Each structure stands twice: as structure tokens, then as C-alpha cells.
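Okay, structure first, notes after.
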Amino acid sequence: MKLFTLVFFCVCSFVAADEDDRLPNKCEVCKFLTIELQDALEKTGRSKEVLELGEVLDTGKRRRKIKYNTSETRLTEAVDNICERILQYSVHAERPGSLRYAKGASQTMTTLKNLVHKGVKVDLGMPYELWDEPSVEVSDMKKQCETMLEQYEEVVEDWYFHHQDERLENFLCQNHVLKPSEQECIEEVWKGDMGAKGGAEKAESESTEKQGAREEKEDKRHDGGEL
């Protein structure tokens with residue numbers, strides 16, 4: 001058990017060190033900024049609320065009405081604290097490229113917590129209660145997100161009022177923020193865990209299929225012999 005703990009500690013120390021050294025690039029920041037903003041807008045896109053703008057004058061002039069889902073108010077509310085949502089992400093060190101950023105506990109951290117619950121001593125160089133705090137990478141992404149949003153505020157507004165038929169990720173990141181050589185992460189799409197667990201399940205499935213084929217072949221051989 002001591003040997004296992006020591007080996008696992010070395011692996012985890014390597015992962016932690018890698019997180020400190022590998023900060024998110026501009027493509028990753030833009031990608032997740034647009035994912036969160038598009039998601040926030042989609043949640044209010046079907047609202048049928050109507051806003052009344054302006055003051056009622058003594059002349060009795062009626063206030064101007066505007067649909068909420070096309071209003072500046074909707075955009076302002078969606079943008080407000082949007083970069084705070086980045087802090088919900090964790091670093092999944094077992095995944096490549098931008099796919100390493102995802103919400104929920106990483107496979108590595110889940111394994112570590114399970115070990116702790118089983119009584120195994122795991123030392124990450126920080127108190128257990130801080131394990132779920134945002135990593136250096138994620139905190140840095142939030143800061144970059146705030147800077148990028150401020151810098152490209154007018155571009156986001158232009159998209160919202162005139163180009164919503166195009167995905168924000170394409171309009172903002174590919175057309176305005178990133179050079180062609182910086183857009184690699186945009187094409188990265190998560191297709192599910194293919195790590196140890198996925199590999200084990202696949203191997204088990206293949207093994208079961210092969211075993212079934214052997215048994216079927218054996219049954220046919222015996223049936224042929226009996227005839």
C-alpha cells in the first residue's frame with residue numbers, strides 16, 4: 001500500500017506541475033467564452049416577454065415596446081459575469097488540447113478522491129478542502145476571458161444584432177480574434193472518454209463477442225459430430 005501511494009503521488013505531482021506550466025491559449029479562451037455566452041443566450045431565446053422603454057410623457061405618448069429576445073437588455077444580462085462561468089470548469093489532464101477543459105471533476109481527481117475515501121494517503125501539496133478550487137489554468141482563462149470580452153465588446157454586439165444566423169464561435173473567434181494559424185482548437189470536439197475506463201469497456205465487449213463466437217463455433221462442431 002505504501003508503494004502504491006508513493007507511485008500515485010509521483011503521478012499526481014507531475015499532473016499538478018503540468019497544470020501550472022500549461023496556461024490556456026487565445027483559441028481556447030475564445031472557444032469557451034463563446035460556448036458560455038451562446039448557452040446563456042439560448043436559455044432566454046424563446047422568451048415572449050415584451051419590454052417597455054422610455055418614460056410616459058404628459059402628452060400621453062405611449063412607451064416604446066420591444067421584444068426581450070431581441071433587446072440589448074437580454075445581451076447585457078447574458079454577458080454580465082459570463083466569465084465567472086469559466087470557473088466551473090476543471091482541467092482534465094488526461095484529455096488532449098482544448099478538450100482538457102470541461103465542467104465536472106476530472107477522471108484523475110475522481111480517482112484520487114476515491115482513494116482518499118478508501119483510506120489511501122494522497123498528498124497533492126494542498127489541503128483536501130482546496131482540491132475543488134479552480135486551478136491555475138482555469139483562473140487564468142477567466143482573466144483572459146474578461147480581457148477578450150472587453151476588447152471585442154463591439155464585435156459581440158454586432159453579432160447579436162445583425163449576425164445571429166452564424167455561430168458566435170465562428171463570427172468572433174475565426175473572423176475577428178484568431179489568425180488562421182491559431183484556430184486549431186475550434187475543430188476539437190469531445191466524443192466521450194476513451195481512457196482506461198472506455199478502453200476497458202471496449203476490451204470487455206470485444207472479449208465477450210469473441211467468446212460468444214467461439215462458443216457458437218464449438219456448438220456447431222458438436223452438432224455436426226452428433227449428426
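As shown in the C-alpha cells, the chain order sets the letters A, B, ...; within each chain, residues go from 1, and ligands are also counted from 1 in the order they appear.
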Would you kindly return, as a PDB file with all heavy atoms, in the first residue's frame, each protein, DNA or RNA residue with an atom no farther than 10 Å from any atom of A:Ile82, considering only C-alpha atoms and excluding same-chain residues fewer than 3 positions away?
ATOM      1  N   LEU A  33     -15.366  31.094 -24.073  1.00  0.00           N
ATOM      2  CA  LEU A  33     -16.146  32.325 -23.902  1.00  0.00           C
ATOM      3  C   LEU A  33     -17.409  32.259 -24.752  1.00  0.00           C
ATOM      4  O   LEU A  33     -18.521  32.514 -24.274  1.00  0.00           O
ATOM      5  CB  LEU A  33     -15.294  33.533 -24.299  1.00  0.00           C
ATOM      6  CG  LEU A  33     -15.856  34.941 -24.068  1.00  0.00           C
ATOM      7  CD1 LEU A  33     -14.733  35.977 -24.182  1.00  0.00           C
ATOM      8  CD2 LEU A  33     -16.962  35.328 -25.043  1.00  0.00           C
ATOM      9  N   THR A  34     -17.251  31.886 -26.023  1.00  0.00           N
ATOM     10  CA  THR A  34     -18.402  31.842 -26.931  1.00  0.00           C
ATOM     11  C   THR A  34     -19.353  30.702 -26.576  1.00  0.00           C
ATOM     12  O   THR A  34     -20.569  30.846 -26.715  1.00  0.00           O
ATOM     13  CB  THR A  34     -17.942  31.685 -28.389  1.00  0.00           C
ATOM     14  OG1 THR A  34     -17.113  30.520 -28.528  1.00  0.00           O
ATOM     15  CG2 THR A  34     -17.147  32.907 -28.832  1.00  0.00           C
ATOM     16  N   GLU A  36     -20.018  29.583 -23.579  1.00  0.00           N
ATOM     17  CA  GLU A  36     -20.806  30.015 -22.422  1.00  0.00           C
ATOM     18  C   GLU A  36     -21.791  31.117 -22.779  1.00  0.00           C
ATOM     19  O   GLU A  36     -22.929  31.114 -22.320  1.00  0.00           O
ATOM     20  CB  GLU A  36     -19.871  30.476 -21.298  1.00  0.00           C
ATOM     21  CG  GLU A  36     -19.089  29.356 -20.642  1.00  0.00           C
ATOM     22  CD  GLU A  36     -19.992  28.271 -20.085  1.00  0.00           C
ATOM     23  OE1 GLU A  36     -21.029  28.601 -19.464  1.00  0.00           O
ATOM     24  OE2 GLU A  36     -19.672  27.079 -20.281  1.00  0.00           O
ATOM     25  N   LEU A  37     -21.372  32.061 -23.610  1.00  0.00           N
ATOM     26  CA  LEU A  37     -22.268  33.160 -23.980  1.00  0.00           C
ATOM     27  C   LEU A  37     -23.404  32.661 -24.863  1.00  0.00           C
ATOM     28  O   LEU A  37     -24.571  33.045 -24.679  1.00  0.00           O
ATOM     29  CB  LEU A  37     -21.482  34.257 -24.701  1.00  0.00           C
ATOM     30  CG  LEU A  37     -22.276  35.508 -25.092  1.00  0.00           C
ATOM     31  CD1 LEU A  37     -23.046  36.066 -23.902  1.00  0.00           C
ATOM     32  CD2 LEU A  37     -21.344  36.564 -25.662  1.00  0.00           C
ATOM     33  N   ALA A  40     -25.837  30.883 -22.612  1.00  0.00           N
ATOM     34  CA  ALA A  40     -26.625  31.813 -21.798  1.00  0.00           C
ATOM     35  C   ALA A  40     -27.736  32.463 -22.629  1.00  0.00           C
ATOM     36  O   ALA A  40     -28.858  32.642 -22.153  1.00  0.00           O
ATOM     37  CB  ALA A  40     -25.716  32.885 -21.211  1.00  0.00           C
ATOM     38  N   GLU A  77     -27.617  41.145 -19.908  1.00  0.00           N
ATOM     39  CA  GLU A  77     -27.792  40.171 -18.829  1.00  0.00           C
ATOM     40  C   GLU A  77     -27.003  38.895 -19.092  1.00  0.00           C
ATOM     41  O   GLU A  77     -26.481  38.272 -18.160  1.00  0.00           O
ATOM     42  CB  GLU A  77     -29.276  39.847 -18.663  1.00  0.00           C
ATOM     43  CG  GLU A  77     -30.085  41.018 -18.116  1.00  0.00           C
ATOM     44  CD  GLU A  77     -31.576  40.715 -18.021  1.00  0.00           C
ATOM     45  OE1 GLU A  77     -32.011  39.679 -18.572  1.00  0.00           O
ATOM     46  OE2 GLU A  77     -32.289  41.502 -17.387  1.00  0.00           O
ATOM     47  N   ALA A  78     -26.889  38.502 -20.354  1.00  0.00           N
ATOM     48  CA  ALA A  78     -26.138  37.294 -20.697  1.00  0.00           C
ATOM     49  C   ALA A  78     -24.640  37.499 -20.521  1.00  0.00           C
ATOM     50  O   ALA A  78     -23.928  36.613 -20.040  1.00  0.00           O
ATOM     51  CB  ALA A  78     -26.446  36.877 -22.133  1.00  0.00           C
ATOM     52  N   VAL A  79     -24.177  38.685 -20.908  1.00  0.00           N
ATOM     53  CA  VAL A  79     -22.742  38.985 -20.821  1.00  0.00           C
ATOM     54  C   VAL A  79     -22.295  39.199 -19.387  1.00  0.00           C
ATOM     55  O   VAL A  79     -21.157  38.884 -19.023  1.00  0.00           O
ATOM     56  CB  VAL A  79     -22.414  40.236 -21.675  1.00  0.00           C
ATOM     57  CG1 VAL A  79     -20.988  40.714 -21.406  1.00  0.00           C
ATOM     58  CG2 VAL A  79     -22.579  39.916 -23.154  1.00  0.00           C
ATOM     59  N   ARG A  85     -18.459  32.022 -15.222  1.00  0.00           N
ATOM     60  CA  ARG A  85     -18.874  30.641 -15.507  1.00  0.00           C
ATOM     61  C   ARG A  85     -17.691  29.766 -15.889  1.00  0.00           C
ATOM     62  O   ARG A  85     -17.752  28.542 -15.769  1.00  0.00           O
ATOM     63  CB  ARG A  85     -19.920  30.640 -16.632  1.00  0.00           C
ATOM     64  CG  ARG A  85     -21.204  31.348 -16.244  1.00  0.00           C
ATOM     65  CD  ARG A  85     -22.177  31.507 -17.403  1.00  0.00           C
ATOM     66  NE  ARG A  85     -22.579  30.252 -17.997  1.00  0.00           N
ATOM     67  CZ  ARG A  85     -23.718  30.062 -18.658  1.00  0.00           C
ATOM     68  NH1 ARG A  85     -24.577  31.053 -18.776  1.00  0.00           N
ATOM     69  NH2 ARG A  85     -24.006  28.898 -19.192  1.00  0.00           N
ATOM     70  N   ILE A  86     -16.596  30.391 -16.318  1.00  0.00           N
ATOM     71  CA  ILE A  86     -15.387  29.639 -16.646  1.00  0.00           C
ATOM     72  C   ILE A  86     -14.853  28.916 -15.413  1.00  0.00           C
ATOM     73  O   ILE A  86     -14.244  27.846 -15.514  1.00  0.00           O
ATOM     74  CB  ILE A  86     -14.306  30.581 -17.217  1.00  0.00           C
ATOM     75  CG1 ILE A  86     -14.795  31.231 -18.521  1.00  0.00           C
ATOM     76  CG2 ILE A  86     -12.994  29.852 -17.443  1.00  0.00           C
ATOM     77  CD1 ILE A  86     -14.990  30.274 -19.661  1.00  0.00           C
ATOM     78  N   LYS A 142     -10.229  32.617 -17.001  1.00  0.00           N
ATOM     79  CA  LYS A 142     -11.238  33.609 -16.605  1.00  0.00           C
ATOM     80  C   LYS A 142     -10.715  35.026 -16.823  1.00  0.00           C
ATOM     81  O   LYS A 142     -11.418  35.894 -17.357  1.00  0.00           O
ATOM     82  CB  LYS A 142     -11.622  33.415 -15.144  1.00  0.00           C
ATOM     83  CG  LYS A 142     -12.547  34.508 -14.615  1.00  0.00           C
ATOM     84  CD  LYS A 142     -12.789  34.364 -13.131  1.00  0.00           C
ATOM     85  CE  LYS A 142     -13.610  35.510 -12.581  1.00  0.00           C
ATOM     86  NZ  LYS A 142     -12.847  36.766 -12.423  1.00  0.00           N
ATOM     87  N   CYS A 145     -10.559  35.771 -20.439  1.00  0.00           N
ATOM     88  CA  CYS A 145     -11.926  35.902 -20.934  1.00  0.00           C
ATOM     89  C   CYS A 145     -12.427  37.332 -20.715  1.00  0.00           C
ATOM     90  O   CYS A 145     -13.014  37.945 -21.616  1.00  0.00           O
ATOM     91  CB  CYS A 145     -12.842  34.906 -20.218  1.00  0.00           C
ATOM     92  SG  CYS A 145     -14.607  35.108 -20.546  1.00  0.00           S
ATOM     93  N   GLU A 146     -12.191  37.885 -19.535  1.00  0.00           N
ATOM     94  CA  GLU A 146     -12.642  39.234 -19.212  1.00  0.00           C
ATOM     95  C   GLU A 146     -11.968  40.271 -20.117  1.00  0.00           C
ATOM     96  O   GLU A 146     -12.617  41.205 -20.608  1.00  0.00           O
ATOM     97  CB  GLU A 146     -12.347  39.535 -17.741  1.00  0.00           C
ATOM     98  CG  GLU A 146     -13.182  38.695 -16.789  1.00  0.00           C
ATOM     99  CD  GLU A 146     -12.720  38.795 -15.346  1.00  0.00           C
ATOM    100  OE1 GLU A 146     -11.558  39.214 -15.116  1.00  0.00           O
ATOM    101  OE2 GLU A 146     -13.506  38.451 -14.446  1.00  0.00           O
ATOM    102  N   LEU A 149     -13.376  39.850 -23.741  1.00  0.00           N
ATOM    103  CA  LEU A 149     -14.750  40.340 -23.843  1.00  0.00           C
ATOM    104  C   LEU A 149     -14.783  41.864 -23.896  1.00  0.00           C
ATOM    105  O   LEU A 149     -15.551  42.460 -24.662  1.00  0.00           O
ATOM    106  CB  LEU A 149     -15.566  39.841 -22.652  1.00  0.00           C
ATOM    107  CG  LEU A 149     -17.086  40.008 -22.718  1.00  0.00           C
ATOM    108  CD1 LEU A 149     -17.657  39.315 -23.945  1.00  0.00           C
ATOM    109  CD2 LEU A 149     -17.720  39.454 -21.452  1.00  0.00           C
TER     110      LEU A 149
END
Name the residues of stretch 92-154 of chain A that come out as helix (DSSP H, G or I) in a backbone DSSP run; write them as a count of residues only. 36
As a PDB file with N, CA and C atoms, in the first residue's frame, list the residues of stretch 12-196 of chain A assigned to strand (DSSP E or B) by DSSP on the backbone atoms of this structure.
ATOM      1  N   VAL A  50     -42.160  41.200 -23.316  1.00  0.00           N
ATOM      2  CA  VAL A  50     -42.087  42.462 -24.057  1.00  0.00           C
ATOM      3  C   VAL A  50     -41.674  43.563 -23.091  1.00  0.00           C
ATOM      4  N   LEU A  51     -40.637  44.304 -23.460  1.00  0.00           N
ATOM      5  CA  LEU A  51     -40.146  45.392 -22.619  1.00  0.00           C
ATOM      6  C   LEU A  51     -40.740  46.717 -23.088  1.00  0.00           C
ATOM      7  N   GLU A  52     -41.017  47.591 -22.132  1.00  0.00           N
ATOM      8  CA  GLU A  52     -41.490  48.933 -22.445  1.00  0.00           C
ATOM      9  C   GLU A  52     -40.376  49.912 -22.110  1.00  0.00           C
ATOM     10  N   LEU A  53     -39.926  50.648 -23.106  1.00  0.00           N
ATOM     11  CA  LEU A  53     -38.802  51.549 -22.942  1.00  0.00           C
ATOM     12  C   LEU A  53     -39.247  53.007 -22.993  1.00  0.00           C
ATOM     13  N   ARG A  64     -42.287  52.990 -25.855  1.00  0.00           N
ATOM     14  CA  ARG A  64     -41.908  52.094 -26.957  1.00  0.00           C
ATOM     15  C   ARG A  64     -41.771  50.670 -26.433  1.00  0.00           C
ATOM     16  N   LYS A  65     -42.329  49.726 -27.176  1.00  0.00           N
ATOM     17  CA  LYS A  65     -42.262  48.327 -26.785  1.00  0.00           C
ATOM     18  C   LYS A  65     -41.276  47.577 -27.679  1.00  0.00           C
ATOM     19  N   ILE A  66     -40.548  46.643 -27.073  1.00  0.00           N
ATOM     20  CA  ILE A  66     -39.572  45.861 -27.821  1.00  0.00           C
ATOM     21  C   ILE A  66     -39.522  44.448 -27.243  1.00  0.00           C
ATOM     22  N   LYS A  67     -39.367  43.481 -28.095  1.00  0.00           N
ATOM     23  CA  LYS A  67     -39.303  42.095 -27.637  1.00  0.00           C
ATOM     24  C   LYS A  67     -38.008  41.859 -26.857  1.00  0.00           C
ATOM     25  N   TYR A  89     -15.261  25.155 -14.711  1.00  0.00           N
ATOM     26  CA  TYR A  89     -14.500  24.155 -15.452  1.00  0.00           C
ATOM     27  C   TYR A  89     -13.383  23.568 -14.592  1.00  0.00           C
ATOM     28  N   SER A  90     -12.973  22.371 -14.960  1.00  0.00           N
ATOM     29  CA  SER A  90     -11.831  21.719 -14.339  1.00  0.00           C
ATOM     30  C   SER A  90     -10.860  21.313 -15.440  1.00  0.00           C
ATOM     31  N   VAL A  91      -9.627  21.051 -15.051  1.00  0.00           N
ATOM     32  CA  VAL A  91      -8.630  20.583 -16.006  1.00  0.00           C
ATOM     33  C   VAL A  91      -8.645  19.057 -16.009  1.00  0.00           C
ATOM     34  N   TYR A 101     -10.342  21.055 -20.924  1.00  0.00           N
ATOM     35  CA  TYR A 101     -11.207  21.926 -20.123  1.00  0.00           C
ATOM     36  C   TYR A 101     -12.656  21.461 -20.243  1.00  0.00           C
ATOM     37  N   ALA A 102     -13.236  21.084 -19.125  1.00  0.00           N
ATOM     38  CA  ALA A 102     -14.625  20.627 -19.119  1.00  0.00           C
ATOM     39  C   ALA A 102     -15.192  20.788 -17.718  1.00  0.00           C
ATOM     40  N   LYS A 103     -16.494  20.904 -17.635  1.00  0.00           N
ATOM     41  CA  LYS A 103     -17.140  21.017 -16.335  1.00  0.00           C
ATOM     42  C   LYS A 103     -17.187  19.649 -15.659  1.00  0.00           C
TER      43      LYS A 103
END
Which polymer residues have any atom within 8 Å of an atom of A:Arg74, counting only C-alpha atoms, with same-chain residues fewer than 6 positions away left out, as number ranges by chain? A: 41, 44, 68
Hey, which of A:Asn25, A:Leu124, A:Asn170, A:Leu75 ends up closest to A:Lys43? Count only C-alpha atoms. A:Leu75
Name the closest residue to A:Tyr152 among the candidates A:Cys30, A:Leu112, A:Leu23, A:Ala93; distances are taken between atoms, counting only C-alpha atoms. A:Cys30
One decimal place gives the atom CA of A:Val29-atom CA of A:Met148 separation as 8.3 Å
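When only C-alpha atoms are used to compute distances to A:Phe171, the closest of the residues A:Asp80, A:Thr111, A:Pro127, A:Asp158 turns out to be A:Asp158.
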Have a look at atom CA of A:Ser106 and atom CA of A:Glu133 and let me know their distance in Å, one decimal. 12.8 Å
When you look at A:Ser98 with a cut-off of 10 Å (counting only C-alpha atoms), what residues show up, excluding the ones that are within fewer than 6 positions of it in the same chain? I need them as a PyMOL selection string. chain A and resi 24-25+27-29+31-32+91-92+184-190
Take the residues that were just selected and, keeping N, CA, C and O atoms, output them as a short mmCIF file (atom, residue, chain, number, x, y, z; two decimals), in the first residue's frame.
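Ended up saving to again.cif:
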data_model
loop_
_atom_site.label_atom_id
_atom_site.label_comp_id
_atom_site.auth_asym_id
_atom_site.auth_seq_id
_atom_site.Cartn_x
_atom_site.Cartn_y
_atom_site.Cartn_z
N PRO A 24 -3.93 28.38 -20.70
CA PRO A 24 -4.78 28.35 -21.91
C PRO A 24 -4.33 29.38 -22.94
O PRO A 24 -3.93 30.49 -22.60
N ASN A 25 -4.42 29.00 -24.21
CA ASN A 25 -4.06 29.93 -25.28
C ASN A 25 -5.29 30.73 -25.72
O ASN A 25 -6.41 30.51 -25.27
N CYS A 27 -7.00 30.74 -28.47
CA CYS A 27 -8.04 29.96 -29.12
C CYS A 27 -8.96 29.32 -28.08
O CYS A 27 -10.18 29.35 -28.21
N GLU A 28 -8.36 28.74 -27.04
CA GLU A 28 -9.15 28.08 -26.01
C GLU A 28 -10.00 29.07 -25.24
O GLU A 28 -11.16 28.80 -24.92
N VAL A 29 -9.44 30.23 -24.94
CA VAL A 29 -10.20 31.25 -24.22
C VAL A 29 -11.41 31.69 -25.04
O VAL A 29 -12.54 31.75 -24.53
N LYS A 31 -12.89 30.11 -27.49
CA LYS A 31 -13.80 28.98 -27.68
C LYS A 31 -14.77 28.85 -26.51
O LYS A 31 -15.98 28.75 -26.70
N PHE A 32 -14.25 28.90 -25.29
CA PHE A 32 -15.11 28.68 -24.13
C PHE A 32 -15.89 29.94 -23.75
O PHE A 32 -16.99 29.84 -23.19
N VAL A 91 -9.63 21.05 -15.05
CA VAL A 91 -8.63 20.58 -16.01
C VAL A 91 -8.64 19.06 -16.01
O VAL A 91 -8.39 18.43 -14.99
N HIS A 92 -8.96 18.48 -17.15
CA HIS A 92 -8.96 17.03 -17.32
C HIS A 92 -7.65 16.68 -18.04
O HIS A 92 -7.60 16.60 -19.27
N GLU A 184 -6.80 26.04 -34.41
CA GLU A 184 -6.84 24.58 -34.33
C GLU A 184 -7.85 24.06 -33.31
O GLU A 184 -8.56 23.09 -33.56
N CYS A 185 -7.95 24.71 -32.17
CA CYS A 185 -8.82 24.19 -31.10
C CYS A 185 -10.30 24.26 -31.46
O CYS A 185 -11.12 23.56 -30.86
N ILE A 186 -10.67 25.12 -32.41
CA ILE A 186 -12.08 25.27 -32.78
C ILE A 186 -12.64 23.96 -33.31
O ILE A 186 -13.82 23.63 -33.12
N GLU A 187 -11.80 23.18 -33.97
CA GLU A 187 -12.26 21.93 -34.58
C GLU A 187 -12.27 20.76 -33.62
O GLU A 187 -12.75 19.68 -33.95
N GLU A 188 -11.75 20.95 -32.42
CA GLU A 188 -11.68 19.86 -31.44
C GLU A 188 -13.04 19.67 -30.78
O GLU A 188 -13.57 20.58 -30.15
N VAL A 189 -13.59 18.48 -30.91
CA VAL A 189 -14.91 18.16 -30.36
C VAL A 189 -14.82 16.93 -29.47
O VAL A 189 -14.20 15.93 -29.84
N TRP A 190 -15.42 17.02 -28.30
CA TRP A 190 -15.37 15.91 -27.36
C TRP A 190 -16.30 14.79 -27.80
O TRP A 190 -17.48 15.01 -28.05
#
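Between atom CA of A:Lys113 and atom CA of A:Gly97 there is a distance of 24.6 Å.
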